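Undergrad: mmCIF, C-alpha atoms, saved as entry-v7.cif, coming up:
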```cif
data_model
loop_
_atom_site.group_PDB
_atom_site.id
_atom_site.type_symbol
_atom_site.label_atom_id
_atom_site.label_comp_id
_atom_site.auth_asym_id
_atom_site.auth_seq_id
_atom_site.Cartn_x
_atom_site.Cartn_y
_atom_site.Cartn_z
ATOM 1 C CA MET A 1 117.026 134.443 97.332
ATOM 2 C CA SER A 2 117.616 132.360 94.243
ATOM 3 C CA LEU A 3 114.769 130.446 92.696
ATOM 4 C CA PRO A 4 114.705 127.638 90.153
ATOM 5 C CA ARG A 5 113.575 128.773 86.741
ATOM 6 C CA SER A 6 112.177 126.097 84.528
ATOM 7 C CA ASN A 7 111.111 128.611 81.904
ATOM 8 C CA THR A 8 113.849 129.136 79.397
ATOM 9 C CA GLY A 9 111.693 130.964 76.923
ATOM 10 C CA GLY A 10 111.369 127.876 74.751
ATOM 11 C CA ASN A 11 108.257 125.784 74.264
ATOM 12 C CA ALA A 12 109.428 123.000 76.576
ATOM 13 C CA GLY A 13 109.763 125.396 79.501
ATOM 14 C CA VAL A 14 106.110 126.394 79.250
ATOM 15 C CA LEU A 15 104.464 123.237 77.974
ATOM 16 C CA LEU A 16 105.481 121.020 80.886
ATOM 17 C CA PRO A 17 104.007 123.248 83.625
ATOM 18 C CA MET A 18 100.926 123.855 81.460
ATOM 19 C CA THR A 19 100.407 120.124 81.086
ATOM 20 C CA LEU A 20 100.907 119.637 84.811
ATOM 21 C CA MET A 21 98.393 122.360 85.687
ATOM 22 C CA ILE A 22 95.824 120.969 83.256
ATOM 23 C CA THR A 23 96.290 117.504 84.757
ATOM 24 C CA VAL A 24 96.222 118.601 88.397
ATOM 25 C CA ALA A 25 93.072 120.660 87.761
ATOM 26 C CA ALA A 26 91.420 117.614 86.185
ATOM 27 C CA LEU A 27 92.359 115.404 89.127
ATOM 28 C CA ALA A 28 91.158 117.967 91.676
ATOM 29 C CA ALA A 29 87.901 118.559 89.803
ATOM 30 C CA GLY A 30 87.195 114.854 89.431
ATOM 31 C CA GLY A 31 88.180 114.022 92.997
ATOM 32 C CA VAL A 32 86.171 116.787 94.630
ATOM 33 C CA ASN A 33 83.108 116.159 92.462
ATOM 34 C CA ALA A 34 83.160 112.429 93.162
ATOM 35 C CA ASN A 35 83.245 113.124 96.901
ATOM 36 C CA ARG A 36 80.435 115.679 96.952
ATOM 37 C CA GLU A 37 77.270 114.803 98.826
ATOM 38 C CA THR A 38 75.419 115.071 95.501
ATOM 39 C CA PRO A 39 77.995 114.832 92.713
ATOM 40 C CA LEU A 40 77.170 116.593 89.481
ATOM 41 C CA PRO A 41 76.751 113.876 86.836
ATOM 42 C CA TRP A 42 79.589 113.930 84.308
ATOM 43 C CA PHE A 43 77.079 113.901 81.463
ATOM 44 C CA GLU A 44 73.505 115.150 81.477
ATOM 45 C CA ALA A 45 70.932 115.773 78.739
ATOM 46 C CA TRP A 46 70.395 119.426 79.599
ATOM 47 C CA SER A 47 67.845 120.077 76.867
ATOM 48 C CA GLU A 48 65.639 117.339 78.380
ATOM 49 C CA ARG A 49 66.460 118.134 81.979
ATOM 50 C CA VAL A 50 63.185 119.824 82.931
ATOM 51 C CA GLU A 51 61.104 116.956 81.492
ATOM 52 C CA GLU A 52 63.229 114.320 83.228
ATOM 53 C CA LYS A 53 63.325 116.023 86.600
ATOM 54 C CA SER A 54 59.625 116.873 86.599
ATOM 55 C CA ALA A 55 58.788 113.254 85.723
ATOM 56 C CA GLU A 56 60.894 112.153 88.710
ATOM 57 C CA LEU A 57 58.933 114.561 90.920
ATOM 58 C CA GLY A 58 55.570 113.469 89.552
ATOM 59 C CA VAL A 59 54.960 116.945 88.161
ATOM 60 C CA ARG A 60 53.105 117.060 84.845
ATOM 61 C CA ILE A 61 54.262 119.306 81.996
ATOM 62 C CA ALA A 62 51.656 121.640 80.470
ATOM 63 C CA GLU A 63 52.017 123.012 76.962
ATOM 64 C CA LEU A 64 50.786 126.463 75.939
ATOM 65 C CA PRO A 65 47.166 125.523 75.011
ATOM 66 C CA GLU A 66 46.673 123.794 78.362
ATOM 67 C CA ALA A 67 48.256 126.722 80.200
ATOM 68 C CA GLU A 68 45.869 129.069 78.401
ATOM 69 C CA GLN A 69 42.938 126.864 79.441
ATOM 70 C CA ILE A 70 44.160 126.790 83.031
ATOM 71 C CA VAL A 71 44.327 130.585 83.143
ATOM 72 C CA ASP A 72 40.832 130.851 81.621
ATOM 73 C CA ASP A 73 39.369 128.317 84.072
ATOM 74 C CA GLY A 74 40.706 130.180 87.096
ATOM 75 C CA ILE A 75 40.827 127.047 89.253
ATOM 76 C CA HIS A 76 44.587 126.715 89.608
ATOM 77 C CA PHE A 77 46.848 128.844 91.723
ATOM 78 C CA ILE A 78 49.402 130.158 89.245
ATOM 79 C CA PHE A 79 52.894 130.839 90.564
ATOM 80 C CA ASP A 80 55.523 132.861 88.736
ATOM 81 C CA ALA A 81 58.936 131.505 89.786
ATOM 82 C CA ARG A 82 60.967 134.356 88.256
ATOM 83 C CA SER A 83 62.437 137.164 90.322
ATOM 84 C CA THR A 84 60.125 139.943 91.492
ATOM 85 C CA ASP A 85 61.528 142.425 88.957
ATOM 86 C CA TYR A 86 60.549 140.230 86.043
ATOM 87 C CA PHE A 87 57.146 139.549 87.625
ATOM 88 C CA GLU A 88 56.522 143.252 88.018
ATOM 89 C CA ALA A 89 57.404 143.909 84.373
ATOM 90 C CA GLY A 90 54.828 141.400 83.199
ATOM 91 C CA HIS A 91 53.213 138.120 84.225
ATOM 92 C CA LEU A 92 50.376 135.730 83.365
ATOM 93 C CA PRO A 93 46.913 136.933 84.417
ATOM 94 C CA MET A 94 46.066 136.016 88.015
ATOM 95 C CA ALA A 95 49.612 134.793 88.674
ATOM 96 C CA MET A 96 51.268 135.295 92.070
ATOM 97 C CA SER A 97 54.953 135.943 92.507
ATOM 98 C CA LEU A 98 56.795 133.040 94.146
ATOM 99 C CA PRO A 99 60.469 133.433 93.226
ATOM 100 C CA GLU A 100 62.646 130.393 93.703
ATOM 101 C CA THR A 101 65.154 132.443 95.684
ATOM 102 C CA GLU A 102 62.508 133.727 98.123
ATOM 103 C CA PHE A 103 60.439 130.559 98.356
ATOM 104 C CA ASP A 104 60.614 130.013 102.117
ATOM 105 C CA GLU A 105 59.657 133.575 102.970
ATOM 106 C CA LYS A 106 56.894 134.022 100.362
ATOM 107 C CA PHE A 107 55.451 130.548 100.792
ATOM 108 C CA LEU A 108 54.674 131.316 104.431
ATOM 109 C CA GLU A 109 52.335 134.106 103.248
ATOM 110 C CA ILE A 110 50.668 131.907 100.627
ATOM 111 C CA ALA A 111 50.465 128.581 102.484
ATOM 112 C CA PRO A 112 47.299 129.390 104.529
ATOM 113 C CA MET A 113 45.361 129.741 101.242
ATOM 114 C CA LEU A 114 46.335 126.288 99.992
ATOM 115 C CA ILE A 115 45.283 122.705 100.647
ATOM 116 C CA PRO A 116 47.471 119.718 99.640
ATOM 117 C CA GLU A 117 45.139 118.828 96.751
ATOM 118 C CA GLN A 118 45.206 122.388 95.452
ATOM 119 C CA GLU A 119 45.736 122.558 91.704
ATOM 120 C CA ILE A 120 48.817 124.632 91.020
ATOM 121 C CA MET A 121 50.605 125.747 87.862
ATOM 122 C CA VAL A 122 54.170 127.064 87.992
ATOM 123 C CA TYR A 123 56.133 128.797 85.263
ATOM 124 C CA CYS A 124 59.305 130.805 84.697
ATOM 125 C CA SER A 125 60.728 132.644 81.695
ATOM 126 C CA GLY A 126 60.940 129.817 79.169
ATOM 127 C CA ALA A 127 62.022 126.311 78.327
ATOM 128 C CA ASP A 128 65.628 126.968 79.394
ATOM 129 C CA CYS A 129 64.915 128.298 82.871
ATOM 130 C CA ASP A 130 64.570 125.961 85.787
ATOM 131 C CA GLU A 131 63.213 128.186 88.544
ATOM 132 C CA SER A 132 59.755 126.691 87.911
ATOM 133 C CA LEU A 133 61.204 123.197 88.257
ATOM 134 C CA GLN A 134 62.809 124.197 91.551
ATOM 135 C CA VAL A 135 59.607 125.779 92.888
ATOM 136 C CA SER A 136 57.636 122.694 91.772
ATOM 137 C CA LYS A 137 60.098 120.557 93.685
ATOM 138 C CA TYR A 138 59.660 122.666 96.829
ATOM 139 C CA LEU A 139 55.867 122.469 96.480
ATOM 140 C CA VAL A 140 55.964 118.677 96.095
ATOM 141 C CA GLU A 141 58.192 118.523 99.179
ATOM 142 C CA GLN A 142 55.537 120.548 101.036
ATOM 143 C CA GLY A 143 53.005 117.829 100.159
ATOM 144 C CA PHE A 144 51.212 119.318 97.153
ATOM 145 C CA THR A 145 50.107 116.613 94.743
ATOM 146 C CA ASN A 146 48.569 118.516 91.820
ATOM 147 C CA VAL A 147 51.427 120.594 90.491
ATOM 148 C CA VAL A 148 51.639 121.344 86.772
ATOM 149 C CA LEU A 149 54.709 122.925 85.195
ATOM 150 C CA PHE A 150 54.149 125.265 82.248
ATOM 151 C CA GLU A 151 57.493 124.499 80.637
ATOM 152 C CA SER A 152 57.645 126.965 77.748
ATOM 153 C CA GLY A 153 56.755 129.685 80.248
ATOM 154 C CA TYR A 154 56.305 133.405 79.963
ATOM 155 C CA GLU A 155 58.203 133.808 76.668
ATOM 156 C CA SER A 156 55.879 131.472 74.768
ATOM 157 C CA TRP A 157 52.871 133.183 76.375
ATOM 158 C CA VAL A 158 54.020 136.580 75.139
ATOM 159 C CA GLU A 159 55.036 135.239 71.718
ATOM 160 C CA ALA A 160 51.511 133.840 71.328
ATOM 161 C CA GLY A 161 50.149 137.353 71.899
ATOM 162 C CA LEU A 162 48.213 136.337 75.015
ATOM 163 C CA PRO A 163 47.304 138.976 77.607
ATOM 164 C CA VAL A 164 49.676 139.787 80.441
ATOM 165 C CA GLU A 165 49.362 141.804 83.624
ATOM 166 C CA GLU A 166 51.912 144.241 85.004
ATOM 167 C CA GLY A 167 52.853 145.271 88.511
ATOM 168 C CA LEU A 168 52.909 143.367 91.776
ATOM 169 C CA MET B 1 108.471 140.330 104.765
ATOM 170 C CA LYS B 2 111.467 140.787 102.490
ATOM 171 C CA VAL B 3 111.533 137.056 101.806
ATOM 172 C CA ILE B 4 107.865 137.165 100.770
ATOM 173 C CA LEU B 5 108.439 140.201 98.548
ATOM 174 C CA ASP B 6 111.535 138.577 97.012
ATOM 175 C CA PHE B 7 109.550 135.412 96.419
ATOM 176 C CA LEU B 8 106.553 137.119 94.788
ATOM 177 C CA GLY B 9 108.833 139.380 92.812
ATOM 178 C CA ALA B 10 111.077 136.650 91.429
ATOM 179 C CA GLY B 11 110.790 135.736 87.830
ATOM 180 C CA PRO B 12 110.445 138.746 85.495
ATOM 181 C CA ARG B 13 113.230 138.808 82.926
ATOM 182 C CA ASN B 14 112.131 141.421 80.426
ATOM 183 C CA GLY B 15 111.564 145.139 80.711
ATOM 184 C CA ASN B 16 112.920 147.846 82.996
ATOM 185 C CA PRO B 17 112.268 147.748 86.763
ATOM 186 C CA TRP B 18 108.988 149.643 86.378
ATOM 187 C CA VAL B 19 107.722 147.218 83.749
ATOM 188 C CA ARG B 20 108.793 144.294 85.906
ATOM 189 C CA ALA B 21 106.956 145.767 88.883
ATOM 190 C CA ALA B 22 103.871 146.271 86.701
ATOM 191 C CA ALA B 23 104.137 142.644 85.560
ATOM 192 C CA ILE B 24 104.235 141.404 89.149
ATOM 193 C CA LEU B 25 101.260 143.561 90.133
ATOM 194 C CA SER B 26 99.424 142.348 87.026
ATOM 195 C CA ALA B 27 100.132 138.741 87.960
ATOM 196 C CA ILE B 28 98.735 139.300 91.449
ATOM 197 C CA PHE B 29 95.708 141.165 90.056
ATOM 198 C CA VAL B 30 94.883 138.604 87.356
ATOM 199 C CA GLY B 31 95.475 135.759 89.799
ATOM 200 C CA TYR B 32 93.165 137.318 92.356
ATOM 201 C CA ILE B 33 90.445 137.783 89.719
ATOM 202 C CA PHE B 34 90.720 134.148 88.657
ATOM 203 C CA VAL B 35 90.640 132.807 92.216
ATOM 204 C CA ARG B 36 87.698 135.078 93.029
ATOM 205 C CA ALA B 37 85.877 133.895 89.890
ATOM 206 C CA ALA B 38 86.562 130.210 90.526
ATOM 207 C CA LEU B 39 85.377 129.852 94.120
ATOM 208 C CA PRO B 40 81.595 130.315 93.690
ATOM 209 C CA LYS B 41 81.644 127.936 90.721
ATOM 210 C CA ILE B 42 83.497 125.278 92.687
ATOM 211 C CA LEU B 43 81.032 125.648 95.559
ATOM 212 C CA ASP B 44 77.967 125.390 93.297
ATOM 213 C CA PRO B 45 78.779 123.451 90.094
ATOM 214 C CA LEU B 46 75.116 122.800 89.284
ATOM 215 C CA SER B 47 74.314 126.514 89.065
ATOM 216 C CA PHE B 48 77.438 127.058 86.980
ATOM 217 C CA ALA B 49 76.356 124.237 84.654
ATOM 218 C CA LYS B 50 72.999 125.994 84.182
ATOM 219 C CA ILE B 51 74.815 129.184 83.231
ATOM 220 C CA ILE B 52 77.024 127.334 80.732
ATOM 221 C CA TYR B 53 73.935 125.669 79.278
ATOM 222 C CA HIS B 54 72.268 129.048 78.793
ATOM 223 C CA TYR B 55 75.197 130.150 76.596
ATOM 224 C CA LYS B 56 74.013 127.448 74.156
ATOM 225 C CA ILE B 57 77.475 126.897 72.771
ATOM 226 C CA LEU B 58 78.482 123.501 74.122
ATOM 227 C CA PRO B 59 76.635 120.287 73.344
ATOM 228 C CA ASP B 60 74.633 118.847 76.262
ATOM 229 C CA SER B 61 77.240 116.192 76.904
ATOM 230 C CA LEU B 62 80.000 118.743 77.608
ATOM 231 C CA VAL B 63 78.080 121.164 79.847
ATOM 232 C CA ASN B 64 78.652 119.341 83.133
ATOM 233 C CA LEU B 65 82.232 118.432 82.274
ATOM 234 C CA ALA B 66 82.992 122.102 81.670
ATOM 235 C CA ALA B 67 81.189 123.109 84.871
ATOM 236 C CA ILE B 68 83.165 120.612 86.915
ATOM 237 C CA TYR B 69 86.575 121.212 85.319
ATOM 238 C CA LEU B 70 86.876 124.880 84.306
ATOM 239 C CA PRO B 71 86.637 126.416 87.813
ATOM 240 C CA TRP B 72 89.476 124.212 89.037
ATOM 241 C CA LEU B 73 91.668 125.251 86.126
ATOM 242 C CA GLU B 74 90.802 128.896 86.909
ATOM 243 C CA LEU B 75 91.647 128.393 90.577
ATOM 244 C CA LEU B 76 94.912 126.586 89.912
ATOM 245 C CA CYS B 77 96.073 129.113 87.310
ATOM 246 C CA GLY B 78 95.097 131.986 89.623
ATOM 247 C CA VAL B 79 97.056 130.545 92.526
ATOM 248 C CA VAL B 80 100.069 129.598 90.399
ATOM 249 C CA VAL B 81 100.341 132.960 88.644
ATOM 250 C CA ILE B 82 100.553 134.652 92.060
ATOM 251 C CA LEU B 83 102.568 132.172 94.091
ATOM 252 C CA VAL B 84 104.829 130.367 91.611
ATOM 253 C CA PRO B 85 106.850 133.089 89.859
ATOM 254 C CA TRP B 86 108.831 130.699 87.656
ATOM 255 C CA TRP B 87 105.586 129.251 86.246
ATOM 256 C CA ARG B 88 103.952 132.614 85.569
ATOM 257 C CA ALA B 89 104.467 132.417 81.811
ATOM 258 C CA ALA B 90 102.868 128.959 81.688
ATOM 259 C CA SER B 91 99.884 129.870 83.863
ATOM 260 C CA GLY B 92 99.659 133.149 81.941
ATOM 261 C CA TRP B 93 99.225 131.291 78.665
ATOM 262 C CA LEU B 94 96.450 129.153 80.155
ATOM 263 C CA ILE B 95 94.754 132.228 81.607
ATOM 264 C CA ALA B 96 95.032 134.009 78.245
ATOM 265 C CA ALA B 97 93.503 130.995 76.489
ATOM 266 C CA MET B 98 90.594 130.952 78.952
ATOM 267 C CA LEU B 99 90.044 134.699 78.589
ATOM 268 C CA VAL B 100 89.926 134.372 74.790
ATOM 269 C CA VAL B 101 87.441 131.488 75.014
ATOM 270 C CA PHE B 102 85.263 133.368 77.525
ATOM 271 C CA ALA B 103 85.301 136.520 75.381
ATOM 272 C CA ALA B 104 84.394 134.508 72.281
ATOM 273 C CA GLY B 105 81.468 133.003 74.195
ATOM 274 C CA MET B 106 80.254 136.444 75.240
ATOM 275 C CA VAL B 107 80.577 137.844 71.713
ATOM 276 C CA SER B 108 78.558 134.873 70.470
ATOM 277 C CA VAL B 109 75.861 135.507 73.109
ATOM 278 C CA LEU B 110 75.620 139.183 72.175
ATOM 279 C CA ALA B 111 75.528 138.339 68.454
ATOM 280 C CA ARG B 112 72.608 135.977 69.046
ATOM 281 C CA GLY B 113 70.789 138.504 71.202
ATOM 282 C CA LEU B 114 70.614 136.220 74.248
ATOM 283 C CA ASP B 115 69.778 137.924 77.531
ATOM 284 C CA ILE B 116 71.661 135.755 80.011
ATOM 285 C CA THR B 117 73.842 136.224 83.044
ATOM 286 C CA CYS B 118 77.597 136.172 82.619
ATOM 287 C CA GLY B 119 78.485 133.667 85.330
ATOM 288 C CA CYS B 120 81.823 135.435 85.626
ATOM 289 C CA PHE B 121 81.986 135.988 89.377
ATOM 290 C CA SER B 122 78.709 134.540 90.582
ATOM 291 C CA THR B 123 76.584 131.511 89.882
ATOM 292 C CA SER B 124 73.421 133.362 90.866
ATOM 293 C CA GLY B 125 70.916 133.533 88.032
ATOM 294 C CA GLU B 126 70.474 137.181 88.949
ATOM 295 C CA GLY B 127 74.092 138.161 88.338
ATOM 296 C CA GLU B 128 75.263 140.685 85.772
ATOM 297 C CA THR B 129 73.830 140.278 82.283
ATOM 298 C CA ILE B 130 76.394 139.936 79.486
ATOM 299 C CA SER B 131 77.234 143.228 77.813
ATOM 300 C CA GLY B 132 80.094 144.937 76.008
ATOM 301 C CA MET B 133 81.505 145.805 79.454
ATOM 302 C CA ASN B 134 82.258 142.144 80.109
ATOM 303 C CA ILE B 135 84.210 141.897 76.877
ATOM 304 C CA ALA B 136 86.071 145.132 77.622
ATOM 305 C CA ARG B 137 86.969 143.790 81.073
ATOM 306 C CA ASN B 138 88.176 140.536 79.540
ATOM 307 C CA THR B 139 90.310 142.465 77.070
ATOM 308 C CA ALA B 140 91.885 144.496 79.876
ATOM 309 C CA LEU B 141 92.644 141.294 81.779
ATOM 310 C CA LEU B 142 94.118 139.810 78.618
ATOM 311 C CA ALA B 143 96.430 142.831 78.277
ATOM 312 C CA CYS B 144 97.585 142.389 81.891
ATOM 313 C CA THR B 145 98.113 138.683 81.257
ATOM 314 C CA PHE B 146 100.252 139.306 78.172
ATOM 315 C CA LEU B 147 102.383 141.702 80.187
ATOM 316 C CA VAL B 148 102.903 138.919 82.729
ATOM 317 C CA ILE B 149 103.775 136.426 79.990
ATOM 318 C CA TRP B 150 106.159 138.808 78.248
ATOM 319 C CA ALA B 151 107.954 139.843 81.417
ATOM 320 C CA HIS B 152 108.395 136.244 82.518
ATOM 321 C CA SER B 153 109.412 134.751 79.202
ATOM 322 C CA GLY B 154 112.840 134.469 77.642
ATOM 323 C CA LYS B 155 114.031 137.413 75.604
ATOM 324 C CA ARG B 156 113.141 135.597 72.409
ATOM 325 C CA PHE B 157 109.433 135.926 73.210
ATOM 326 C CA LEU B 158 107.633 137.647 70.297
ATOM 327 C CA VAL B 159 110.994 138.441 68.724
ATOM 328 C CA GLY B 160 111.599 135.182 66.939
ATOM 329 C CA ARG B 161 113.526 132.100 67.904
#
```
Could the structure of this file be written out as structure tokens, please?
TA:
Amino acid sequence: MSLPRSNTGGNAGVLLPMTLMITVAALAAGGVNANRETPLPWFEAWSERVEEKSAELGVRIAELPEAEQIVDDGIHFIFDARSTDYFEAGHLPMAMSLPETEFDEKFLEIAPMLIPEQEIMVYCSGADCDESLQVSKYLVEQGFTNVVLFESGYESWVEAGLPVEEGL
Amino acid sequence: MKVILDFLGAGPRNGNPWVRAAAILSAIFVGYIFVRAALPKILDPLSFAKIIYHYKILPDSLVNLAAIYLPWLELLCGVVVILVPWWRAASGWLIAAMLVVFAAGMVSVLARGLDITCGCFSTSGEGETISGMNIARNTALLACTFLVIWAHSGKRFLVGR
């Protein structure tokens, strides 16, 4: 079986197929993304993403001093959106584990304790994580109207030397 | 069956029969790895964009572009290096370039002490954390890729023109 061989060992034999592959990949990527149900925007301000998305949801951002006050007051339900392993290693005092990936299952256990006006604070590991944003979104979709997102999260809490609890 | 084997095995020009066989197996292996790595990213570009963002290498404006484009280039190169023997050198060079870029990104993450997931084969935030193992794996893949390129290039490859 004889096959055509465009590669002659010279640059031209490799550059043309490389250019074609780069172009075809770009066309496929652009075409598929444009036809997705929710296309990923071509450009997005990722460092401001949490602020933007939480504003769209009507979720307020809490900075560290407010988060500290919320923990001291003990009025809010505090949800840790990180995975259970991270929660077990250390979490904010009085926080409950509500990982983004297990929201449906865990929320069923927690829901009977909550009313729609319940004050809730959600956090994850830090400013770059978005599990807390996702859990806030789910909570808003469930009808909760007083959700606060502690954006700088667990890392800033620990860096500030504030007390943490361990275990489940 | 023979036609398929002839087709997949076409292309190598350099090395003895054992080296050529190793080059074909390497092409299939590297191609499989790239296809396997591309699919979850194509299915969930948002999660892949988050992973790229966590590397903190690209400016905000390039994160989504990379998340949309890179998996398709991985997929195409993976498919071509397996199924298009006469383009193996070309797809090999692209794969090698991607492997070098990925390894550089991982080295940068380790140097900065970031504890983030690799995003190599999964877009789950709970995937494998970047470690020296990832770089070692990339280096092994790079070696396989260079074998593919060498075996499928003209005899002047790396010998001067």
Undergrad: Excluding Met121 of chain A and any residue of its chain fewer than 4 positions from it, enumerate the residues within 10 Å of it, using all atoms listed in the file, and give them as a VMD selection string.
TA: chain A and resid 59 to 62 67 70 to 71 75 to 80 95 132 136 146 to 150
Undergrad: So which residues touch Pro59 of chain B within 10 Å, counting all atoms listed in the file, skipping near sequence neighbours fewer than 2 positions away, as number ranges by chain?
TA: A: 45-47; B: 53, 56-57, 61-63
Undergrad: Could you state the separation of atom CA of Ile42 of chain B and atom CA of Lys106 of chain A in Å, given to one decimal place?
TA: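 Here the two named atoms are 29.0 Å from each other.
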Undergrad: Which residues fall under the PyMOL selection byres ((chain B) within 6 of (chain A)) in this file, as a ChimeraX atom specification?
TA: /B:60-61,64-65,68-69,72-73,86,90,153-154
Undergrad: Would you mind reading off the distance between atom CA of Glu105 of chain A and atom CA of Glu141 of chain A, one decimal, in Å?
TA: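 Calculated distance between atom CA of Glu105 of chain A and atom CA of Glu141 of chain A is 15.6 Å.
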Undergrad: When you draw a straight line from atom CA of Met98 of chain B to atom CA of Trp18 of chain B, how long is it in Å?
TA: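 Those two atoms sit 27.3 Å apart.
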Undergrad: Kindly list the centre and edge lengths in Å, rounded to one decimal, for the axis-aligned box that covers all listed atoms of segment 85-91 of chain B plus 8 Å on each of its six sides, as AutoDock Vina command-line options.
TA:
```
--center_x 104.4 --center_y 131.0 --center_z 85.8 --size_x 24.9 --size_y 20.1 --size_z 24.2
```
Undergrad: Tell me which protein, DNA and RNA residues are within 10 Å of Asp44 of chain B, counting only C-alpha atoms, leaving out same-chain ones fewer than 3 positions away, and put them as a ChimeraX atom specification.
TA: /A:40 /B:39-41,47-49,67-68,122-124
Undergrad: Report as a VMD selection string the residues that result from applying the PyMOL selection byres ((chain A and resi 93) around 8) to the structure here.
TA: chain A and resid 71 91 to 92 94 to 95 163 to 165
Undergrad: May I have the selected residues written with C-alpha atoms, as a tab-separated table (two decimals), keeping the file's coordinate frame?
TA:
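This went into out-v4.tsv:
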```tsv
chain	number	residue	atom	x	y	z
A	71	VAL	CA	44.33	130.58	83.14
A	91	HIS	CA	53.21	138.12	84.22
A	92	LEU	CA	50.38	135.73	83.36
A	94	MET	CA	46.07	136.02	88.02
A	95	ALA	CA	49.61	134.79	88.67
A	163	PRO	CA	47.30	138.98	77.61
A	164	VAL	CA	49.68	139.79	80.44
A	165	GLU	CA	49.36	141.80	83.62
```
Undergrad: Could you expand the PyMOL selection byres ((chain B and resi 129-145) around 9) into the explicit residues it covers here, written as a VMD selection string?
TA: chain B and resid 22 to 23 26 to 27 29 to 30 33 89 92 to 93 95 to 96 99 to 100 102 to 104 106 to 107 109 to 110 114 to 120 126 to 128 146 to 150
Undergrad: Residues at most 9 Å from Gly31 of chain B, counting all atoms listed in the file, excluding those fewer than 2 positions away in the same chain, as a ChimeraX atom specification?
TA: /B:26-29,33-36,74-75,77-82,95
Undergrad: Do you know which residues are at most 12 Å from Gly161 of chain A counting only C-alpha atoms, after dropping those on the same chain fewer than 5 positions away, and could you put them as a PDB file with C-alpha atoms, in the frame of the given file?
TA:
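Output (out_17.pdb):
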```
ATOM      1  CA  LEU A  64      50.786 126.463  75.939  1.00  0.00           C
ATOM      2  CA  GLU A  68      45.869 129.069  78.401  1.00  0.00           C
ATOM      3  CA  LEU A  92      50.376 135.730  83.365  1.00  0.00           C
ATOM      4  CA  TYR A 154      56.305 133.405  79.963  1.00  0.00           C
ATOM      5  CA  GLU A 155      58.203 133.808  76.668  1.00  0.00           C
ATOM      6  CA  SER A 156      55.879 131.472  74.768  1.00  0.00           C
TER       7      SER A 156
END
```
Undergrad: Name the closest residue to Glu88 of chain A among the candidates A:Gly153, A:Val158, A:Glu166, A:Pro116; distances are taken between atoms, counting all atoms listed in the file.
TA: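 With all atoms listed in the file as the atom set, the closest residue is A:Glu166.
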